[in-house]
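Note: the block below is start_13.pdb and it holds PDB, C-alpha atoms.
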```pdb
ATOM      1  CA  MET M   1      13.584   7.931  19.983
ATOM      2  CA  LEU M   2      16.241   9.928  18.116
ATOM      3  CA  GLY M   3      14.660  13.152  19.356
ATOM      4  CA  HIS M   4      14.870  12.008  22.978
ATOM      5  CA  LEU M   5      18.435  10.716  22.759
ATOM      6  CA  LEU M   6      20.002  13.198  20.331
ATOM      7  CA  PRO M   7      17.684  16.196  19.844
ATOM      8  CA  GLN M   8      20.327  18.239  18.011
ATOM      9  CA  ALA M   9      20.972  15.404  15.547
ATOM     10  CA  GLU M  10      17.246  15.082  14.912
ATOM     11  CA  ALA M  11      16.921  18.833  14.294
ATOM     12  CA  TRP M  12      19.790  18.657  11.779
ATOM     13  CA  LEU M  13      18.551  15.489  10.041
ATOM     14  CA  ILE M  14      14.794  16.094   9.977
ATOM     15  CA  PRO M  15      13.542  19.543   8.866
ATOM     16  CA  PRO M  16      11.417  21.207  11.565
ATOM     17  CA  GLY M  17       8.971  22.768   9.110
ATOM     18  CA  SER M  18       6.067  20.646   7.899
ATOM     19  CA  SER M  19       6.481  21.830   4.297
ATOM     20  CA  GLN M  20      10.123  20.743   4.196
ATOM     21  CA  LEU M  21       9.247  17.445   5.868
ATOM     22  CA  HIS M  22       6.704  16.776   3.129
ATOM     23  CA  LEU M  23       9.441  17.336   0.531
ATOM     24  CA  VAL M  24      11.630  14.739   2.249
ATOM     25  CA  ASP M  25       8.694  12.332   2.266
ATOM     26  CA  ALA M  26       8.091  12.980  -1.440
ATOM     27  CA  VAL M  27      11.684  12.090  -2.277
ATOM     28  CA  GLY M  28      11.362   8.905  -0.256
ATOM     29  CA  GLN M  29       8.120   8.022  -2.035
ATOM     30  CA  ILE M  30       9.807   8.384  -5.432
ATOM     31  CA  GLY M  31      12.283   5.729  -4.321
ATOM     32  CA  VAL M  32       9.713   3.389  -2.786
ATOM     33  CA  LEU M  33       6.978   3.483  -5.435
ATOM     34  CA  PRO M  34       9.063   2.016  -8.308
ATOM     35  CA  LEU M  35      10.169  -0.832  -6.012
ATOM     36  CA  VAL M  36       6.549  -1.630  -5.189
ATOM     37  CA  GLY M  37       5.573  -1.345  -8.860
ATOM     38  CA  VAL M  38       8.306  -3.749  -9.959
ATOM     39  CA  THR M  39       7.197  -6.170  -7.247
ATOM     40  CA  GLY M  40       3.603  -5.959  -8.477
ATOM     41  CA  ALA M  41       4.773  -6.665 -12.024
ATOM     42  CA  GLN M  42       6.257  -9.941 -10.796
ATOM     43  CA  VAL M  43       2.947 -11.222  -9.414
ATOM     44  CA  ASP M  44       1.795 -14.354 -11.237
ATOM     45  CA  ILE M  45      -1.876 -13.676 -12.025
ATOM     46  CA  GLY M  46      -2.508 -17.304 -13.001
ATOM     47  CA  MET M  47      -1.146 -18.631  -9.716
ATOM     48  CA  LEU M  48      -3.126 -16.010  -7.817
ATOM     49  CA  ARG M  49      -6.348 -17.129  -9.488
ATOM     50  CA  ARG M  50      -5.639 -20.776  -8.644
ATOM     51  CA  HIS M  51      -4.883 -19.978  -4.992
ATOM     52  CA  SER M  52      -7.178 -16.996  -4.502
ATOM     53  CA  GLY M  53      -8.969 -18.649  -1.594
ATOM     54  CA  THR M  54      -5.710 -19.300   0.249
ATOM     55  CA  ALA M  55      -4.490 -15.746  -0.325
ATOM     56  CA  ALA M  56      -7.842 -14.353   0.873
ATOM     57  CA  ARG M  57      -7.751 -16.422   4.064
ATOM     58  CA  ILE M  58      -4.184 -15.396   4.824
ATOM     59  CA  GLY M  59      -4.961 -11.745   4.155
ATOM     60  CA  LEU M  60      -8.126 -11.870   6.263
ATOM     61  CA  GLY M  61      -6.263 -13.424   9.164
ATOM     62  CA  GLY M  62      -3.477 -10.866   8.829
ATOM     63  CA  LEU M  63      -6.116  -8.136   9.037
ATOM     64  CA  ILE M  64      -8.469  -9.343  11.767
ATOM     65  CA  VAL M  65      -5.913 -10.511  14.352
ATOM     66  CA  PRO M  66      -3.793  -7.315  14.588
ATOM     67  CA  LEU M  67      -6.850  -5.092  14.086
ATOM     68  CA  SER M  68      -8.649  -6.714  17.021
ATOM     69  CA  ALA M  69      -5.508  -6.651  19.162
ATOM     70  CA  GLY M  70      -4.889  -2.988  18.405
ATOM     71  CA  ILE M  71      -8.449  -1.975  19.242
ATOM     72  CA  ALA M  72      -8.314  -3.956  22.489
ATOM     73  CA  ILE M  73      -5.008  -2.328  23.455
ATOM     74  CA  GLY M  74      -6.439   1.095  22.591
ATOM     75  CA  TYR M  75      -9.254   0.601  25.072
ATOM     76  CA  ALA M  76      -6.979  -0.936  27.722
ATOM     77  CA  VAL M  77      -4.138   1.610  27.885
ATOM     78  CA  PRO M  78      -4.287   4.389  30.507
ATOM     79  CA  ALA M  79      -5.947   7.657  29.573
ATOM     80  CA  ALA M  80      -2.562   9.418  29.641
ATOM     81  CA  PHE M  81      -1.683   7.718  26.343
ATOM     82  CA  VAL M  82      -4.778   9.089  24.585
ATOM     83  CA  PRO M  83      -4.118  12.464  22.902
ATOM     84  CA  HIS M  84      -5.953  15.470  24.258
ATOM     85  CA  LEU M  85      -9.437  16.081  22.785
ATOM     86  CA  THR M  86      -9.375  12.654  21.092
ATOM     87  CA  SER M  87     -12.060  10.128  21.942
ATOM     88  CA  ARG M  88     -11.069   6.709  23.174
ATOM     89  CA  THR M  89     -12.947   5.084  20.271
ATOM     90  CA  VAL M  90     -11.069   7.024  17.609
ATOM     91  CA  PHE M  91      -7.748   6.345  19.351
ATOM     92  CA  ALA M  92      -8.453   2.607  19.588
ATOM     93  CA  ALA M  93      -9.614   2.427  15.969
ATOM     94  CA  MET M  94      -6.526   4.277  14.718
ATOM     95  CA  LEU M  95      -4.234   2.009  16.757
ATOM     96  CA  GLY M  96      -5.971  -1.091  15.389
ATOM     97  CA  VAL M  97      -5.710   0.054  11.777
ATOM     98  CA  ALA M  98      -2.059   1.030  12.245
ATOM     99  CA  MET M  99      -1.266  -2.465  13.512
ATOM    100  CA  ALA M 100      -3.300  -4.132  10.743
ATOM    101  CA  ALA M 101      -1.625  -2.343   7.837
ATOM    102  CA  SER M 102       1.402  -4.174   6.513
ATOM    103  CA  ALA M 103       4.394  -2.683   4.704
ATOM    104  CA  ILE M 104       4.523  -3.827   1.076
ATOM    105  CA  PRO M 105       7.861  -2.071   0.354
ATOM    106  CA  VAL M 106       9.556  -3.841   3.276
ATOM    107  CA  ILE M 107       8.007  -7.198   2.383
ATOM    108  CA  ALA M 108       8.985  -6.768  -1.270
ATOM    109  CA  LYS M 109      12.603  -5.992  -0.365
ATOM    110  CA  VAL M 110      12.829  -8.937   2.053
ATOM    111  CA  LEU M 111      11.393 -11.357  -0.511
ATOM    112  CA  ALA M 112      13.745 -10.007  -3.178
ATOM    113  CA  ASP M 113      16.781 -10.409  -0.904
ATOM    114  CA  LEU M 114      15.735 -13.970  -0.061
ATOM    115  CA  LYS M 115      15.040 -14.690  -3.750
ATOM    116  CA  LEU M 116      11.482 -15.768  -2.913
ATOM    117  CA  THR M 117       9.585 -13.288  -5.079
ATOM    118  CA  HIS M 118       9.029 -15.767  -7.922
ATOM    119  CA  ARG M 119       8.172 -18.733  -5.704
ATOM    120  CA  ASN M 120       4.672 -19.727  -4.671
ATOM    121  CA  VAL M 121       5.194 -18.747  -1.027
ATOM    122  CA  GLY M 122       6.422 -15.307  -2.073
ATOM    123  CA  GLN M 123       3.505 -14.838  -4.456
ATOM    124  CA  LEU M 124       1.024 -15.776  -1.719
ATOM    125  CA  ILE M 125       2.666 -13.387   0.729
ATOM    126  CA  LEU M 126       2.496 -10.506  -1.741
ATOM    127  CA  SER M 127      -1.109 -11.251  -2.710
ATOM    128  CA  ALA M 128      -2.263 -11.580   0.900
ATOM    129  CA  CYS M 129      -0.382  -8.408   1.807
ATOM    130  CA  ALA M 130      -2.064  -6.491  -1.018
ATOM    131  CA  LEU M 131      -5.529  -7.646   0.078
ATOM    132  CA  ASP M 132      -4.715  -6.863   3.707
ATOM    133  CA  ASP M 133      -3.468  -3.370   2.930
ATOM    134  CA  THR M 134      -6.394  -2.586   0.629
ATOM    135  CA  ALA M 135      -8.816  -3.248   3.476
ATOM    136  CA  ALA M 136      -6.589  -1.439   5.987
ATOM    137  CA  TRP M 137      -6.317   1.700   3.826
ATOM    138  CA  PHE M 138     -10.073   1.681   3.344
ATOM    139  CA  LEU M 139     -10.526   1.475   7.123
ATOM    140  CA  LEU M 140      -7.962   4.232   7.573
ATOM    141  CA  SER M 141     -10.049   6.575   5.433
ATOM    142  CA  LEU M 142     -13.032   5.825   7.669
ATOM    143  CA  VAL M 143     -11.048   6.412  10.861
ATOM    144  CA  SER M 144      -9.762   9.713   9.452
ATOM    145  CA  ALA M 145     -13.358  10.730   8.838
ATOM    146  CA  MET M 146     -14.217   9.734  12.417
ATOM    147  CA  ALA M 147     -11.470  12.003  13.733
ATOM    148  CA  THR M 148     -12.446  15.025  11.592
ATOM    149  CA  VAL M 149     -15.976  15.362  10.242
ATOM    150  CA  GLY M 150     -17.500  12.284  11.851
ATOM    151  CA  LEU M 151     -18.361   8.920  10.374
ATOM    152  CA  ARG M 152     -21.529   8.848   8.327
ATOM    153  CA  ALA M 153     -23.117   6.308   6.004
ATOM    154  CA  GLY M 154     -22.494   8.628   3.070
ATOM    155  CA  ARG M 155     -18.773   8.733   3.818
ATOM    156  CA  ILE M 156     -18.565   4.942   3.993
ATOM    157  CA  ALA M 157     -20.431   4.593   0.708
ATOM    158  CA  LEU M 158     -18.220   7.224  -0.946
ATOM    159  CA  SER M 159     -14.969   5.554   0.151
ATOM    160  CA  LEU M 160     -16.218   2.156  -0.982
ATOM    161  CA  ALA M 161     -17.396   3.599  -4.301
ATOM    162  CA  MET M 162     -14.025   5.258  -4.933
ATOM    163  CA  LEU M 163     -12.152   2.049  -4.141
ATOM    164  CA  THR M 164     -14.455  -0.013  -6.364
ATOM    165  CA  GLY M 165     -14.295   2.581  -9.123
ATOM    166  CA  PHE M 166     -10.506   2.584  -9.103
ATOM    167  CA  VAL M 167     -10.339  -1.208  -9.317
ATOM    168  CA  LEU M 168     -12.802  -1.255 -12.221
ATOM    169  CA  ALA M 169     -10.989   1.571 -14.006
ATOM    170  CA  ALA M 170      -7.688  -0.257 -13.478
ATOM    171  CA  VAL M 171      -8.993  -3.470 -15.012
ATOM    172  CA  LEU M 172     -11.003  -1.963 -17.858
ATOM    173  CA  VAL M 173      -9.029   1.166 -18.794
ATOM    174  CA  LEU M 174      -5.616   1.530 -17.169
ATOM    175  CA  GLY M 175      -4.530  -2.076 -17.697
ATOM    176  CA  PRO M 176      -5.134  -2.253 -21.471
ATOM    177  CA  MET M 177      -3.733   1.249 -21.902
ATOM    178  CA  GLY M 178      -0.562   0.463 -19.966
ATOM    179  CA  ARG M 179       0.074  -2.816 -21.751
ATOM    180  CA  ALA M 180      -0.491  -1.151 -25.149
ATOM    181  CA  VAL M 181       2.079   1.510 -24.318
ATOM    182  CA  MET M 182       4.527  -1.138 -23.122
ATOM    183  CA  ARG M 183       4.125  -3.150 -26.340
ATOM    184  CA  HIS M 184       4.700  -0.021 -28.404
ATOM    185  CA  THR M 185       7.833   1.036 -26.515
ATOM    186  CA  ALA M 186       9.243  -2.498 -26.232
ATOM    187  CA  GLY M 187       9.124  -2.940 -30.006
ATOM    188  CA  ARG M 188      11.773  -0.288 -30.552
ATOM    189  CA  GLY M 189      14.631  -2.549 -29.497
ATOM    190  CA  ASP M 190      15.806  -0.171 -26.754
ATOM    191  CA  ALA M 191      14.920  -0.849 -23.117
ATOM    192  CA  GLY M 192      15.079   2.835 -22.144
ATOM    193  CA  PRO M 193      11.645   3.939 -23.455
ATOM    194  CA  ALA M 194       9.959   0.836 -21.989
ATOM    195  CA  VAL M 195      11.463   1.451 -18.543
ATOM    196  CA  ALA M 196      10.483   5.126 -18.666
ATOM    197  CA  ALA M 197       6.923   4.267 -19.757
ATOM    198  CA  ALA M 198       6.576   1.701 -16.949
ATOM    199  CA  ALA M 199       7.834   4.192 -14.360
ATOM    200  CA  VAL M 200       5.423   6.890 -15.551
ATOM    201  CA  PHE M 201       2.497   4.439 -15.546
ATOM    202  CA  ILE M 202       3.281   3.224 -12.012
ATOM    203  CA  LEU M 203       3.572   6.797 -10.725
ATOM    204  CA  LEU M 204       0.300   7.707 -12.471
ATOM    205  CA  CYS M 205      -1.545   4.896 -10.678
ATOM    206  CA  ALA M 206       0.035   5.997  -7.404
ATOM    207  CA  ILE M 207      -1.102   9.584  -7.965
ATOM    208  CA  ILE M 208      -4.671   8.426  -8.644
ATOM    209  CA  THR M 209      -4.970   6.438  -5.417
ATOM    210  CA  GLN M 210      -3.334   9.249  -3.435
ATOM    211  CA  ALA M 211      -5.862  11.711  -4.854
ATOM    212  CA  LEU M 212      -8.708   9.355  -3.923
ATOM    213  CA  GLY M 213      -7.593   9.335  -0.297
ATOM    214  CA  PHE M 214      -5.803   5.984  -0.313
ATOM    215  CA  GLU M 215      -2.101   5.248  -0.074
ATOM    216  CA  ALA M 216       0.051   5.863  -3.135
ATOM    217  CA  ILE M 217       1.780   2.525  -2.514
ATOM    218  CA  PHE M 218      -1.501   0.743  -3.264
ATOM    219  CA  GLY M 219      -1.724   2.415  -6.657
ATOM    220  CA  ALA M 220       1.899   1.635  -7.461
ATOM    221  CA  PHE M 221       1.384  -2.040  -6.650
ATOM    222  CA  VAL M 222      -1.772  -2.217  -8.770
ATOM    223  CA  GLY M 223       0.051  -0.443 -11.588
ATOM    224  CA  GLY M 224       2.797  -3.039 -11.516
ATOM    225  CA  VAL M 225       0.260  -5.872 -11.552
ATOM    226  CA  LEU M 226      -1.471  -4.298 -14.550
ATOM    227  CA  LEU M 227       1.793  -4.192 -16.467
ATOM    228  CA  SER M 228       2.496  -7.870 -15.891
ATOM    229  CA  SER M 229       1.763 -10.044 -18.900
ATOM    230  CA  PRO M 230      -1.210 -12.407 -18.364
ATOM    231  CA  GLY M 231       0.470 -14.939 -20.576
ATOM    232  CA  GLY M 232       3.863 -14.666 -19.006
ATOM    233  CA  ALA M 233       5.942 -17.559 -17.802
ATOM    234  CA  SER M 234       5.049 -19.119 -14.498
ATOM    235  CA  PRO M 235       7.335 -18.232 -11.593
ATOM    236  CA  ALA M 236       9.994 -20.643 -10.541
ATOM    237  CA  ARG M 237       8.925 -23.101  -7.895
TER     238      ARG M 237
END
```
Could you write out this file's structure as structure tokens?
Amino acid sequence: MLGHLLPQAEAWLIPPGSSQLHLVDAVGQIGVLPLVGVTGAQVDIGMLRRHSGTAARIGLGGLIVPLSAGIAIGYAVPAAFVPHLTSRTVFAAMLGVAMAASAIPVIAKVLADLKLTHRNVGQLILSACALDDTAAWFLLSLVSAMATVGLRAGRIALSLAMLTGFVLAAVLVLGPMGRAVMRHTAGRGDAGPAVAAAAVFILLCAIITQALGFEAIFGAFVGGVLLSSPGGASPAR
């Protein structure tokens, strides 16, 4: 919209070169990822286990409804809206996945501003959003394969294996390692090393998921959850 209304302002604000645009995106990611990691660290694992069924149902509904609506709209819109040399199926699938994916950074900031992060409703929203986005990012990797090399059973199995492998590695390796580092740095009496260690750990998890073909935000959120203490105090009701 800015390009249509004020093209000169857009050219001054947004670099025209793709390499420079990626640098701007990288700076933005550095600001977003710590926010998502801190939000993940505030997730109450005990409450999530008690209400896992509710969170799963909310997340499933938040995935299926917009995904179905987006696919239906993709098949219903005129052909002029479909990019050249792009099949209608790929266009509809991409539109459905784009509508199904939520925005954890935006949700985290809204909940923080409303002071709902530590309440049950905020915890359920974050948990459902994480489940929703995990499925949406997995589907996005499949749609990307459809648009490039074609969707094959091997590609589906590989994406699912990478997602499962990351979750297992997070629980069995990254989580204990991160908490051990946090205990070591927190025992020094200075908050600086602990904050730096948490930031590095969150960025490391984000880098891993980005390298696996998933969103870095997913890794940052998981990293924050891994740093949260299982025996921590319950959130305020």
**OP:** Have a look at M:Ala145, M:Val77, M:Met182, M:Val97 and name the one nearest to M:Gly213; count all atoms listed in the file.
**Re:** M:Ala145
Where is the centre and how long are the edges: axis-aligned box on stretch 128-145 of chain M, 3 Å on each side, Å to one decimal, as lines of an AutoDock Vina configuration file:
```
center_x = -6.9
center_y = -0.4
center_z = 4.9
size_x = 19.0
size_y = 28.3
size_z = 17.9
```
**OP:** On this file, the PyMOL selection byres ((chain M and resi 215-226) around 6) gives some set of residues; write that set as an MDAnalysis selection string.
**Re:** chainID M and resid 33 36:38 40:41 175 202 205:206 209:210 214 227:228
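Here the PyMOL selection byres ((chain M and resi 43) around 9) captures the residues M:Thr39, M:Gly40, M:Ala41, M:Gln42, M:Asp44, M:Ile45, M:Gly46, M:Met47, M:Leu48, M:Thr117, M:His118, M:Gln123, M:Leu126, M:Ser127, M:Gly224, M:Val225, M:Ser228, M:Pro235.
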Output file for the selection above: C-alpha atoms, as a short mmCIF file (atom, residue, chain, number, x, y, z; two decimals), in the frame of the given file:
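That gives us out_12.cif:
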```cif
data_model
loop_
_atom_site.label_atom_id
_atom_site.label_comp_id
_atom_site.auth_asym_id
_atom_site.auth_seq_id
_atom_site.Cartn_x
_atom_site.Cartn_y
_atom_site.Cartn_z
CA THR M 39 7.20 -6.17 -7.25
CA GLY M 40 3.60 -5.96 -8.48
CA ALA M 41 4.77 -6.66 -12.02
CA GLN M 42 6.26 -9.94 -10.80
CA ASP M 44 1.80 -14.35 -11.24
CA ILE M 45 -1.88 -13.68 -12.02
CA GLY M 46 -2.51 -17.30 -13.00
CA MET M 47 -1.15 -18.63 -9.72
CA LEU M 48 -3.13 -16.01 -7.82
CA THR M 117 9.59 -13.29 -5.08
CA HIS M 118 9.03 -15.77 -7.92
CA GLN M 123 3.50 -14.84 -4.46
CA LEU M 126 2.50 -10.51 -1.74
CA SER M 127 -1.11 -11.25 -2.71
CA GLY M 224 2.80 -3.04 -11.52
CA VAL M 225 0.26 -5.87 -11.55
CA SER M 228 2.50 -7.87 -15.89
CA PRO M 235 7.34 -18.23 -11.59
#
```
**OP:** Figure out the distance between atom CA of M:Met99 and atom CA of M:Arg152, please, to one decimal in Å.
**Re:** 23.8 Å
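Of the listed residues M:Ala79, M:Ile156, M:Leu203, M:Leu168, the one whose atoms come nearest to M:Gln29 is M:Leu203, with distances taken using only C-alpha atoms.
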Subject >> Answer key for the PyMOL selection byres ((chain M and resi 85-95) around 6), residues as a ChimeraX atom specification >> reply: /M:70-71,74-75,83-84,96-98
Original post:
Between M:Leu140, M:Val173, M:Ala56, M:Ala198, which has the minimum distance to M:Thr185 (counting all atoms listed in the file)?
Top reply: M:Ala198
